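Enquirer: So that we are looking at the same thing, I have put the structure below in structure tokens.
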Amino acid sequence: DGKPQNTSFGDVLQQVYPVYRQVGLTWGCFNCFCLFQPGRSCCLLQRDKTFVTVEIFDNRTETWEVVHNDASWETRFHWLKGSNRQSNATIEWFVSPSAPSGSYRIRHFGHYKELKGFQSVITPYEGVSDVFRVASSFYYQ
């Protein structure tokens, strides 16, 4: 798997906007591994797990809670195979009118394969977007 120099797998290539309205679309673009190459053992490591989570910050517990993952109808995971074995993932979340106002983030999980000597090593990675707000309006009072 390849990535641009001076970057890491999971780095956010294009950040989210700071505020989104309910009934909107958020998205971020991440450095990613080659997802669907036949026979790749790293694809098997992701089985029964998720590539994407959308999380809301709970002010009461001061923790992040998963509200959607890649199995949710509201999320889309687009993988683009680039040149030089480099891939990108664009993650979209369609914000429903019932989404609570609050602070959110998008996380991406995966594994990449690299050669160390003559041995293939599979390593997990994750990327996280900046925190953004979902609000019923762009106007602040």
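The chains in the structure tokens are called A, B, ... from first to last as shown; in each chain the residues are counted from 1, and the ligands are counted from 1 in the order shown.
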Show which residues sit within 9 Å of Asp58 of chain A, as a list in words. Count only C-alpha atoms, and ignore same-chain residues fewer than 4 positions away.

Expert: Glu62, Thr63, Trp64, Glu65, Gly102 and Ser103 of chain A

Enquirer: Quick one: residues within 6 Å of Arg105 of chain A, only C-alpha atoms counted, chain neighbours fewer than 5 positions away excluded, as a PyMOL selection string?

Expert: chain A and resi 54-55+129+131

Enquirer: Point out the residue among A:Trp73, A:Trp79, A:Phe51, A:Phe109 with the least atom-to-atom distance to Phe94 of chain A, counting only C-alpha atoms.

Expert: A:Trp73

Enquirer: Give me the residues near Leu80 of chain A as a PyMOL selection string, where near means some atom within 8 Å (using only C-alpha atoms) and where sequence neighbours in that chain fewer than 5 positions away do not count.

Expert: chain A and resi 87-89

Enquirer: Could the residues in this selection be written to a file with all heavy atoms, as a compact mmCIF listing (two decimals), in the first residue's frame?

Expert:
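Writing the result to part34.txt gives the following:
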# COMPACT_ATOMS: atom_id res chain seq x y z
N SER A 87 -4.50 5.21 -2.30
CA SER A 87 -5.96 5.25 -2.34
C SER A 87 -6.48 6.32 -1.39
O SER A 87 -5.82 6.67 -0.42
CB SER A 87 -6.53 3.89 -1.91
OG SER A 87 -6.08 2.87 -2.76
N ASN A 88 -7.66 6.82 -1.72
CA ASN A 88 -8.34 7.79 -0.86
C ASN A 88 -9.74 7.28 -0.56
O ASN A 88 -10.34 6.58 -1.36
CB ASN A 88 -8.47 9.16 -1.55
CG ASN A 88 -7.14 9.82 -1.78
OD1 ASN A 88 -6.17 9.55 -1.08
ND2 ASN A 88 -7.07 10.69 -2.75
N ALA A 89 -10.25 7.66 0.57
CA ALA A 89 -11.62 7.36 0.95
C ALA A 89 -12.34 8.66 1.23
O ALA A 89 -11.83 9.51 1.96
CB ALA A 89 -11.66 6.47 2.19

Enquirer: Could you work out how far atom CA of Tyr104 of chain A lies from atom CA of Val128 of chain A, giving the answer in Å with one decimal?

Expert: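 These atoms are spaced 10.7 Å apart.
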
Enquirer: So that I can see what lies close to Thr50 of chain A, please list as a PyMOL selection string the residues with an atom at most 10 Å from it, counting only C-alpha atoms and leaving out residues fewer than 3 positions away in the same chain.

Expert: chain A and resi 46-47+53+69-71+107-110

Enquirer: Store the residues picked out above, limited to N, CA and C atoms, as a PDB file, in the first residue's frame.

Expert:
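The resulting result10.pdb:
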ATOM      1  N   GLN A  46     -10.644  -6.529   8.830  1.00  0.00           N
ATOM      2  CA  GLN A  46     -11.693  -5.552   9.058  1.00  0.00           C
ATOM      3  C   GLN A  46     -13.068  -6.210   9.185  1.00  0.00           C
ATOM      4  N   ARG A  47     -13.146  -7.515   8.977  1.00  0.00           N
ATOM      5  CA  ARG A  47     -14.422  -8.213   9.060  1.00  0.00           C
ATOM      6  C   ARG A  47     -15.023  -8.056  10.450  1.00  0.00           C
ATOM      7  N   THR A  53     -17.176   5.638  11.507  1.00  0.00           N
ATOM      8  CA  THR A  53     -18.142   5.993  12.547  1.00  0.00           C
ATOM      9  C   THR A  53     -18.400   7.494  12.485  1.00  0.00           C
ATOM     10  N   ASN A  69     -22.524   4.138  11.715  1.00  0.00           N
ATOM     11  CA  ASN A  69     -21.315   3.500  11.193  1.00  0.00           C
ATOM     12  C   ASN A  69     -21.530   3.217   9.707  1.00  0.00           C
ATOM     13  N   ASP A  70     -20.633   2.442   9.110  1.00  0.00           N
ATOM     14  CA  ASP A  70     -20.740   2.229   7.661  1.00  0.00           C
ATOM     15  C   ASP A  70     -21.926   1.346   7.277  1.00  0.00           C
ATOM     16  N   ALA A  71     -22.611   0.754   8.244  1.00  0.00           N
ATOM     17  CA  ALA A  71     -23.819  -0.020   7.951  1.00  0.00           C
ATOM     18  C   ALA A  71     -25.076   0.849   7.993  1.00  0.00           C
ATOM     19  N   ARG A 107     -14.822   9.318  12.052  1.00  0.00           N
ATOM     20  CA  ARG A 107     -13.601   8.510  12.197  1.00  0.00           C
ATOM     21  C   ARG A 107     -13.572   7.435  11.119  1.00  0.00           C
ATOM     22  N   HIS A 108     -12.365   7.128  10.653  1.00  0.00           N
ATOM     23  CA  HIS A 108     -12.129   6.102   9.632  1.00  0.00           C
ATOM     24  C   HIS A 108     -11.111   5.116  10.189  1.00  0.00           C
ATOM     25  N   PHE A 109     -11.381   3.810   9.998  1.00  0.00           N
ATOM     26  CA  PHE A 109     -10.516   2.748  10.515  1.00  0.00           C
ATOM     27  C   PHE A 109     -10.083   1.844   9.369  1.00  0.00           C
ATOM     28  N   GLY A 110      -8.898   1.313   9.464  1.00  0.00           N
ATOM     29  CA  GLY A 110      -8.441   0.364   8.452  1.00  0.00           C
ATOM     30  C   GLY A 110      -7.124  -0.279   8.852  1.00  0.00           C
TER      31      GLY A 110
END

Enquirer: What does the distance between atom CA of Ser120 of chain A and atom CA of Val12 of chain A come to in Å, to one decimal place?

Expert: 25.3 Å

Enquirer: Between atom CA of Asn6 of chain A and atom CA of Thr75 of chain A, measure the distance and give it in Å to one decimal.

Expert: 29.3 Å

Enquirer: What are the DSSP strand (DSSP E or B) residues of segment 89-137 of chain A, as a PyMOL selection string?

Expert: chain A and resi 89-95+102-116+119-128+132-135
